[in-house]
file upload24.cif (mmCIF, C-alpha atoms)
data_work
loop_
_atom_site.label_atom_id
_atom_site.label_comp_id
_atom_site.auth_asym_id
_atom_site.auth_seq_id
_atom_site.Cartn_x
_atom_site.Cartn_y
_atom_site.Cartn_z
CA MET A 1 -33.65 10.65 24.82
CA SER A 2 -33.34 7.15 26.24
CA THR A 3 -32.92 6.78 29.97
CA THR A 4 -31.24 3.37 29.58
CA HIS A 5 -28.01 4.88 28.46
CA ASP A 6 -25.92 1.95 29.65
CA HIS A 7 -23.26 1.40 27.00
CA PRO A 8 -19.67 2.01 28.15
CA GLU A 9 -18.58 5.59 28.02
CA HIS A 10 -16.06 6.40 25.35
CA PRO A 11 -12.60 6.00 26.80
CA ASP A 12 -11.32 9.16 25.12
CA HIS A 13 -13.53 11.17 27.48
CA HIS A 14 -11.38 10.08 30.38
CA LEU A 15 -7.84 9.43 29.32
CA PRO A 16 -5.34 12.24 29.54
CA MET A 17 -3.94 13.34 26.20
CA THR A 18 -0.98 11.34 25.04
CA TYR A 19 2.38 12.98 24.48
CA HIS A 20 1.87 13.07 20.70
CA GLU A 21 -1.69 14.40 20.95
CA LYS A 22 -0.39 17.28 23.07
CA LEU A 23 2.50 17.88 20.69
CA THR A 24 0.21 17.89 17.63
CA THR A 25 -2.26 20.26 19.27
CA ALA A 26 0.50 22.60 20.47
CA VAL A 27 2.20 22.76 17.06
CA LEU A 28 -1.13 23.29 15.31
CA GLU A 29 -2.11 26.11 17.67
CA LEU A 30 1.27 27.79 17.21
CA LEU A 31 1.10 27.55 13.41
CA ILE A 32 -2.35 29.12 13.44
CA GLU A 33 -1.37 31.78 16.01
CA LYS A 34 1.65 32.78 13.91
CA LYS A 35 -0.56 32.81 10.78
CA ILE A 36 1.58 30.23 8.98
CA ILE A 37 -1.55 28.21 8.25
CA SER A 38 -5.19 28.97 8.93
CA ALA A 39 -7.67 26.88 10.86
CA ASP A 40 -9.86 27.00 7.76
CA ALA A 41 -7.10 25.50 5.60
CA VAL A 42 -6.67 22.67 8.11
CA ARG A 43 -10.41 22.02 8.13
CA ARG A 44 -10.55 21.98 4.31
CA GLU A 45 -7.66 19.48 4.15
CA ILE A 46 -9.30 17.20 6.73
CA GLU A 47 -12.52 17.32 4.73
CA ALA A 48 -10.61 16.42 1.55
CA ILE A 49 -8.83 13.51 3.27
CA GLU A 50 -12.04 12.17 4.75
CA GLY A 51 -13.95 12.77 1.52
CA ARG A 52 -11.92 10.29 -0.52
CA THR A 53 -13.50 6.87 -0.80
CA PRO A 54 -12.71 3.57 -2.56
CA GLN A 55 -15.12 4.65 -5.30
CA ILE A 56 -12.28 6.67 -6.79
CA GLY A 57 -10.15 3.55 -7.14
CA ALA A 58 -13.13 1.57 -8.40
CA GLY A 59 -13.55 4.08 -11.21
CA VAL A 60 -9.90 3.69 -12.20
CA VAL A 61 -10.08 -0.11 -12.18
CA ALA A 62 -13.38 -0.19 -14.08
CA LYS A 63 -11.88 2.04 -16.75
CA ALA A 64 -8.85 -0.26 -16.97
CA TRP A 65 -11.18 -3.25 -17.42
CA THR A 66 -13.00 -1.61 -20.34
CA ASP A 67 -10.14 0.30 -22.01
CA PRO A 68 -7.08 -1.86 -22.82
CA ALA A 69 -5.01 1.13 -23.93
CA PHE A 70 -5.71 2.92 -20.64
CA LYS A 71 -4.86 -0.24 -18.71
CA ALA A 72 -1.53 -0.51 -20.49
CA ARG A 73 -0.71 3.10 -19.59
CA LEU A 74 -1.88 2.54 -16.01
CA LEU A 75 0.34 -0.51 -15.56
CA ALA A 76 3.30 1.31 -17.13
CA ASP A 77 3.01 4.58 -15.17
CA GLY A 78 0.33 4.84 -12.50
CA ASN A 79 0.90 8.53 -11.75
CA ALA A 80 0.65 9.61 -15.39
CA ALA A 81 -2.40 7.46 -16.19
CA THR A 82 -4.38 8.57 -13.12
CA ALA A 83 -3.42 12.20 -13.87
CA GLU A 84 -5.36 11.75 -17.14
CA LEU A 85 -8.43 11.37 -14.90
CA GLY A 86 -7.58 14.45 -12.89
CA LEU A 87 -6.20 12.49 -9.93
CA ASP A 88 -3.08 13.62 -8.08
CA MET A 89 -0.83 11.05 -6.40
CA GLY A 90 1.23 13.76 -4.68
CA ASP A 91 4.72 12.59 -3.71
CA SER A 92 3.79 8.93 -4.04
CA ASN A 93 4.73 6.58 -6.83
CA LEU A 94 1.60 4.69 -7.86
CA VAL A 95 2.24 1.15 -9.05
CA VAL A 96 -0.81 -0.67 -10.37
CA VAL A 97 -0.59 -4.45 -10.51
CA GLU A 98 -2.95 -6.85 -12.19
CA ASN A 99 -4.11 -10.14 -10.76
CA THR A 100 -3.88 -13.01 -13.22
CA PRO A 101 -4.94 -16.67 -13.09
CA GLN A 102 -1.33 -17.34 -12.01
CA VAL A 103 -0.63 -14.51 -9.52
CA HIS A 104 -2.74 -12.98 -6.74
CA ASN A 105 -1.42 -9.68 -5.36
CA VAL A 106 -2.02 -8.35 -1.84
CA VAL A 107 -0.78 -5.06 -0.38
CA VAL A 108 0.65 -4.22 3.03
CA CYS A 109 2.87 -1.66 4.70
CA THR A 110 4.79 -3.64 7.30
CA LEU A 111 6.51 -0.51 8.67
CA CYS A 112 3.49 1.74 9.17
CA SER A 113 0.27 2.35 7.22
CA CYS A 114 1.25 3.46 3.67
CA TYR A 115 -1.86 3.08 1.54
CA PRO A 116 -3.12 4.51 -1.78
CA ARG A 117 -5.17 7.16 0.03
CA ALA A 118 -5.68 9.23 -3.11
CA LEU A 119 -7.57 6.28 -4.63
CA LEU A 120 -9.05 4.41 -1.65
CA GLY A 121 -9.38 7.02 1.09
CA LEU A 122 -8.26 6.29 4.64
CA PRO A 123 -7.00 2.76 5.36
CA PRO A 124 -9.22 0.46 7.45
CA SER A 125 -8.13 -0.28 11.01
CA TRP A 126 -7.16 -3.87 10.20
CA TYR A 127 -4.73 -2.63 7.54
CA LYS A 128 -2.91 -0.63 10.23
CA SER A 129 -2.99 -3.42 12.83
CA ARG A 130 0.23 -5.08 13.89
CA ALA A 131 -1.39 -8.48 13.36
CA TYR A 132 -2.12 -7.89 9.66
CA ARG A 133 1.22 -6.19 9.01
CA ALA A 134 3.25 -8.96 10.63
CA ARG A 135 1.24 -11.94 9.44
CA ILE A 136 0.47 -11.14 5.80
CA VAL A 137 4.14 -11.53 4.81
CA ARG A 138 4.69 -14.55 7.02
CA GLU A 139 1.54 -16.56 6.38
CA PRO A 140 -0.35 -14.80 3.58
CA ARG A 141 -2.59 -17.73 2.71
CA ALA A 142 -3.76 -18.16 6.30
CA VAL A 143 -4.54 -14.44 6.59
CA LEU A 144 -6.40 -14.36 3.26
CA ALA A 145 -8.39 -17.41 4.36
CA GLU A 146 -9.49 -15.45 7.44
CA PHE A 147 -10.82 -12.82 5.00
CA GLY A 148 -12.76 -15.66 3.34
CA LEU A 149 -10.40 -15.85 0.39
CA ARG A 150 -8.85 -19.22 -0.42
CA ILE A 151 -6.07 -19.05 -3.00
CA PRO A 152 -5.54 -22.29 -5.00
CA ASP A 153 -2.15 -23.96 -4.45
CA ASP A 154 -1.15 -23.41 -8.10
CA VAL A 155 -1.61 -19.63 -7.81
CA THR A 156 1.34 -17.59 -6.51
CA VAL A 157 0.53 -15.12 -3.75
CA ARG A 158 2.65 -11.99 -4.18
CA VAL A 159 2.71 -9.71 -1.13
CA LEU A 160 3.58 -6.09 -1.96
CA ASP A 161 5.18 -4.33 0.99
CA SER A 162 5.08 -0.55 0.44
CA THR A 163 8.12 0.34 2.52
CA ALA A 164 9.09 3.61 0.82
CA VAL A 165 7.45 5.82 -1.82
CA THR A 166 5.33 3.30 -3.74
CA ARG A 167 1.60 2.95 -3.24
CA TYR A 168 0.03 -0.13 -4.80
CA LEU A 169 -3.40 -0.63 -6.32
CA VAL A 170 -4.57 -4.10 -7.34
CA ILE A 171 -6.66 -4.69 -10.46
CA PRO A 172 -8.66 -7.81 -9.58
CA LEU A 173 -9.62 -10.40 -12.17
CA ARG A 174 -12.66 -9.17 -14.08
CA PRO A 175 -15.63 -11.40 -13.16
CA ASN A 176 -17.11 -13.67 -15.79
CA GLY A 177 -20.40 -12.65 -17.32
CA THR A 178 -19.59 -8.95 -17.40
CA GLU A 179 -19.00 -8.67 -21.13
CA GLY A 180 -20.53 -5.48 -22.44
CA TRP A 181 -20.85 -3.88 -18.99
CA ASN A 182 -19.96 -0.21 -18.81
CA GLU A 183 -17.62 1.41 -16.31
CA GLU A 184 -20.37 2.41 -13.86
CA GLN A 185 -21.77 -1.12 -13.79
CA LEU A 186 -18.33 -2.69 -13.37
CA ALA A 187 -17.39 -0.29 -10.56
CA THR A 188 -20.22 -1.71 -8.44
CA LEU A 189 -18.34 -5.04 -8.34
CA LEU A 190 -15.25 -3.49 -6.77
CA SER A 191 -14.85 -3.35 -3.01
CA ARG A 192 -12.04 -1.61 -1.19
CA ASP A 193 -10.63 -4.98 -0.12
CA ALA A 194 -10.58 -6.24 -3.72
CA MET A 195 -8.26 -3.38 -4.63
CA VAL A 196 -6.02 -4.14 -1.61
CA GLY A 197 -6.03 -7.83 -2.52
CA THR A 198 -7.75 -9.28 0.54
CA ALA A 199 -10.81 -10.04 -1.59
CA VAL A 200 -11.70 -10.60 -5.22
CA ALA A 201 -14.23 -8.69 -7.30
CA ARG A 202 -17.87 -9.51 -6.66
CA GLU A 203 -19.43 -12.08 -8.97
CA ALA A 204 -21.85 -10.71 -11.53
CA THR A 205 -24.80 -12.61 -10.09
CA VAL A 206 -27.21 -9.70 -9.92
CA ALA A 207 -28.98 -8.78 -13.12
CA ARG A 208 -27.82 -5.39 -14.28
CA MET B 209 27.32 2.72 -8.93
CA ASN B 210 25.48 1.81 -12.11
CA ALA B 211 21.86 0.87 -11.65
CA LEU B 212 21.27 -2.79 -10.86
CA ALA B 213 19.41 -4.32 -13.79
CA PRO B 214 16.15 -6.16 -13.20
CA GLY B 215 16.94 -9.81 -12.61
CA THR B 216 20.13 -9.08 -10.67
CA ARG B 217 20.51 -11.21 -7.54
CA VAL B 218 21.03 -9.03 -4.49
CA ARG B 219 21.50 -9.43 -0.76
CA VAL B 220 20.17 -7.00 1.82
CA LEU B 221 22.74 -5.74 4.32
CA ASN B 222 22.33 -7.38 7.70
CA VAL B 223 23.12 -4.40 9.86
CA VAL B 224 21.29 -2.46 12.53
CA VAL B 225 21.45 1.31 12.33
CA PRO B 226 19.48 3.81 14.39
CA GLY B 227 17.10 6.30 12.86
CA HIS B 228 14.28 6.36 10.31
CA VAL B 229 15.21 3.25 8.34
CA ARG B 230 12.82 1.91 5.69
CA THR B 231 14.43 -1.53 5.36
CA PRO B 232 12.32 -4.04 7.32
CA PHE B 233 14.17 -6.44 9.59
CA TYR B 234 12.57 -9.50 7.99
CA VAL B 235 14.55 -8.99 4.76
CA ARG B 236 17.93 -8.09 6.29
CA GLY B 237 20.60 -10.60 5.27
CA LYS B 238 18.18 -12.19 2.77
CA ASP B 239 18.69 -12.74 -0.95
CA GLY B 240 16.28 -11.51 -3.58
CA VAL B 241 16.08 -10.41 -7.20
CA VAL B 242 15.72 -6.88 -8.54
CA ALA B 243 12.17 -6.68 -9.90
CA GLY B 244 12.36 -3.05 -10.97
CA ILE B 245 13.77 0.41 -10.37
CA VAL B 246 11.32 2.75 -8.67
CA GLY B 247 13.40 5.88 -9.22
CA GLU B 248 15.69 8.22 -7.28
CA PHE B 249 14.50 9.77 -4.06
CA ASP B 250 15.84 11.58 -1.02
CA ASN B 251 17.29 9.11 1.46
CA PRO B 252 14.66 8.82 4.23
CA GLU B 253 17.38 8.23 6.83
CA GLU B 254 18.62 11.78 6.17
CA LEU B 255 15.22 13.28 5.36
CA ALA B 256 14.01 12.37 8.85
CA TRP B 257 16.57 14.89 10.16
CA GLY B 258 15.42 17.53 7.69
CA ARG B 259 18.44 16.99 5.45
CA THR B 260 17.35 16.97 1.80
CA GLY B 261 19.32 16.26 -1.35
CA ASP B 262 20.86 12.86 -0.52
CA ARG B 263 19.43 11.20 -3.62
CA ARG B 264 19.43 7.38 -3.64
CA ARG B 265 18.18 4.84 -6.13
CA LEU B 266 15.20 2.86 -4.92
CA TYR B 267 14.51 -0.69 -6.10
CA ARG B 268 11.64 -3.08 -5.91
CA VAL B 269 13.24 -6.35 -4.78
CA ARG B 270 11.40 -9.66 -5.01
CA PHE B 271 12.00 -12.31 -2.37
CA LEU B 272 10.79 -15.86 -2.21
CA HIS B 273 8.68 -16.53 0.87
CA ARG B 274 10.66 -19.70 1.52
CA ASP B 275 13.92 -17.72 1.60
CA LEU B 276 12.51 -15.22 4.09
CA PHE B 277 10.92 -17.80 6.36
CA PRO B 278 12.84 -21.08 5.90
CA GLN B 279 11.37 -22.43 9.14
CA LEU B 280 7.85 -22.39 7.64
CA PRO B 281 6.46 -24.89 5.10
CA ALA B 282 7.85 -24.01 1.65
CA THR B 283 5.55 -22.25 -0.81
CA GLY B 284 6.01 -20.58 -4.18
CA ASP B 285 4.78 -17.28 -2.77
CA GLU B 286 6.68 -14.01 -3.14
CA VAL B 287 7.18 -10.75 -1.27
CA ASP B 288 8.13 -7.49 -3.04
CA VAL B 289 9.86 -4.88 -0.87
CA GLU B 290 11.16 -1.40 -1.75
CA ILE B 291 14.81 -1.11 -0.77
CA PHE B 292 17.25 1.76 -1.23
CA GLU B 293 20.49 1.02 -3.08
CA HIS B 294 22.81 1.57 -0.12
CA TRP B 295 21.15 -1.40 1.59
CA LEU B 296 21.94 -3.80 -1.29
CA GLU B 297 25.01 -5.76 -2.35
CA HIS B 298 25.47 -8.33 -5.10
CA ALA B 299 24.50 -11.81 -3.91
#

call {"tool": "encode", "arguments": {"input": "upload24.cif", "output": "structure tokens"}}
result
Amino acid sequence: MSTTHDHPEHPDHHLPMTYHEKLTTAVLELLIEKKIISADAVRREIEAIEGRTPQIGAGVVAKAWTDPAFKARLLADGNAATAELGLDMGDSNLVVVENTPQVHNVVVCTLCSCYPRALLGLPPSWYKSRAYRARIVREPRAVLAEFGLRIPDDVTVRVLDSTAVTRYLVIPLRPNGTEGWNEEQLATLLSRDAMVGTAVAREATVAR
Amino acid sequence: MNALAPGTRVRVLNVVVPGHVRTPFYVRGKDGVVAGIVGEFDNPEELAWGRTGDRRRLYRVRFLHRDLFPQLPATGDEVDVEIFEHWLEHA
């Protein structure tokens, strides 16, 4: 072990628990004590939540890129089309939108942190930040530019604010030069941010 | 109330009510167009108190960025927001 252990200590080792941390812990302990839920069930659910990654969404988008009939069903009814793949949107209403040469979509939840967790996993910290949530509706082009994404003036930016039950997934424009690629190859071009709309799909510059 | 058809011009109520309200302040009093009907869901303002069964129609309403933020340089950009029916009136 290194003796030059000089990075700052983690602040959560020092701070007292917040009100809501105490409340959560107390309720959880009571539920377990009264055998309403088990600690094992809680652990399994946490593992399931943390086990979901943007690769799930990438698989859905890659299938939509290669299968026009599936894409049509996905755009018409996100819950039903993803259920075909064995995915469960729970109580959410999945709306899948497609970027076009005329419209670029980008997703936010200005009120909290609603996010298509079933398809992309946990939201990144910037998605939950007050800065992103306030600014993306007010100055979307400036925010996207900070992500390195410059939207041409003749393209409409459409910000999708998931304020209630809808969770949005963006199908980015399919990169040129990917004709004949299969779903697995196409999925490698899809980042989490591309499906939130703060990026586009990666260019097909690498030989497959 | 019959469902508002897509394309209908609507205005968001400009009121302040306490509780678990899912209508963001930045669209209150603003005009938009119904872009679609999401479905019928329990009213979150009641659900937050554990009261189920108050079903309300939920719309996707499309606003023009320049209508929401007239003090900023005008663009053709848009913002879609989900809004429950009891927050909408005909514009």

call {"tool": "closest_residue", "arguments": {"input": "upload24.cif", "among": "A:Met195, A:Leu169, A:His104, A:Tyr115", "to": "Asp285 in chain B", "atoms": "only C-alpha atoms"}}
result
A:His104

call {"tool": "resolve_selection", "arguments": {"input": "upload24.cif", "expression": "the PyMOL selection byres ((chain B) within 8 of (chain A))", "output": "count of residues only"}}
result
14

call {"tool": "resolve_selection", "arguments": {"input": "upload24.cif", "expression": "the PyMOL selection byres ((chain B and resi 248-253) around 6)", "output": "count of residues only"}}
result
12

call {"tool": "resolve_selection", "arguments": {"input": "upload24.cif", "expression": "the PyMOL selection byres ((chain A and resi 179-189) around 6)", "output": "MDAnalysis selection string"}}
result
chainID A and resid 58:59 62:63 177:178 190 201:202

call {"tool": "atom_distance", "arguments": {"input": "upload24.cif", "atom1": "CA of Val27 in chain A", "atom2": "CA of Leu120 in chain A"}}
result
28.5 Å

call {"tool": "closest_residue", "arguments": {"input": "upload24.cif", "among": "B:Arg268, B:His298, B:Phe292, B:Gly227", "to": "Ile245 in chain B", "atoms": "only C-alpha atoms"}}
result
B:Arg268

call {"tool": "axis_aligned_box", "arguments": {"input": "upload24.cif", "around": "range 132-138 of chain A", "padding_each_side": "8 Å", "output": "AutoDock Vina command-line options"}}
result
--center_x 1.3 --center_y -10.4 --center_z 7.7 --size_x 22.8 --size_y 24.4 --size_z 21.8

call {"tool": "residues_near_point", "arguments": {"input": "upload24.cif", "point": "(12.0, -5.0, -11.0)", "cutoff": "8 Å", "atoms": "all atoms listed in the file", "output": "ChimeraX atom specification"}}
result
/B:213-215,241-245,267-270

call {"tool": "atom_distance", "arguments": {"input": "upload24.cif", "atom1": "CA of Arg217 in chain B", "atom2": "CA of Gly240 in chain B"}}
result
5.8 Å

call {"tool": "build_atoms", "arguments": {"input": "upload24.cif", "residues": "range 121-141 of chain A", "atoms": "N, CA and C atoms", "output": "short mmCIF file (atom, residue, chain, number, x, y, z; two decimals), in the frame of the given file"}}
result
data_model
loop_
_atom_site.label_atom_id
_atom_site.label_comp_id
_atom_site.auth_asym_id
_atom_site.auth_seq_id
_atom_site.Cartn_x
_atom_site.Cartn_y
_atom_site.Cartn_z
N GLY A 121 -9.02 6.34 -0.15
CA GLY A 121 -9.38 7.02 1.09
C GLY A 121 -8.51 6.55 2.24
N LEU A 122 -9.03 6.67 3.46
CA LEU A 122 -8.26 6.29 4.64
C LEU A 122 -8.21 4.77 4.77
N PRO A 123 -7.08 4.23 5.23
CA PRO A 123 -7.00 2.76 5.36
C PRO A 123 -7.88 2.27 6.50
N PRO A 124 -8.43 1.04 6.36
CA PRO A 124 -9.22 0.46 7.45
C PRO A 124 -8.31 0.11 8.63
N SER A 125 -8.93 -0.04 9.80
CA SER A 125 -8.13 -0.28 11.01
C SER A 125 -7.34 -1.58 10.91
N TRP A 126 -7.91 -2.61 10.27
CA TRP A 126 -7.16 -3.87 10.20
C TRP A 126 -5.89 -3.72 9.38
N TYR A 127 -5.92 -2.83 8.38
CA TYR A 127 -4.73 -2.63 7.54
C TYR A 127 -3.58 -2.07 8.37
N LYS A 128 -3.93 -1.27 9.39
CA LYS A 128 -2.91 -0.63 10.23
C LYS A 128 -2.52 -1.50 11.42
N SER A 129 -3.24 -2.60 11.63
CA SER A 129 -2.99 -3.42 12.83
C SER A 129 -1.66 -4.15 12.72
N ARG A 130 -1.03 -4.33 13.88
CA ARG A 130 0.23 -5.08 13.89
C ARG A 130 0.02 -6.52 13.42
N ALA A 131 -1.13 -7.09 13.73
CA ALA A 131 -1.39 -8.48 13.36
C ALA A 131 -1.37 -8.64 11.84
N TYR A 132 -2.10 -7.78 11.13
CA TYR A 132 -2.12 -7.89 9.66
C TYR A 132 -0.72 -7.64 9.10
N ARG A 133 -0.07 -6.58 9.57
CA ARG A 133 1.22 -6.19 9.01
C ARG A 133 2.28 -7.27 9.22
N ALA A 134 2.24 -7.92 10.36
CA ALA A 134 3.25 -8.96 10.63
C ALA A 134 2.89 -10.26 9.92
N ARG A 135 1.61 -10.60 9.89
CA ARG A 135 1.24 -11.94 9.44
C ARG A 135 1.10 -12.05 7.93
N ILE A 136 0.75 -10.98 7.23
CA ILE A 136 0.47 -11.14 5.80
C ILE A 136 1.73 -11.52 5.02
N VAL A 137 2.91 -11.10 5.49
CA VAL A 137 4.14 -11.53 4.81
C VAL A 137 4.54 -12.93 5.23
N ARG A 138 4.22 -13.29 6.46
CA ARG A 138 4.69 -14.55 7.02
C ARG A 138 3.77 -15.71 6.63
N GLU A 139 2.50 -15.50 6.70
CA GLU A 139 1.54 -16.56 6.38
C GLU A 139 0.37 -15.97 5.59
N PRO A 140 0.69 -15.52 4.35
CA PRO A 140 -0.35 -14.80 3.58
C PRO A 140 -1.60 -15.64 3.32
N ARG A 141 -1.41 -16.91 3.05
CA ARG A 141 -2.59 -17.73 2.71
C ARG A 141 -3.52 -17.90 3.90
#
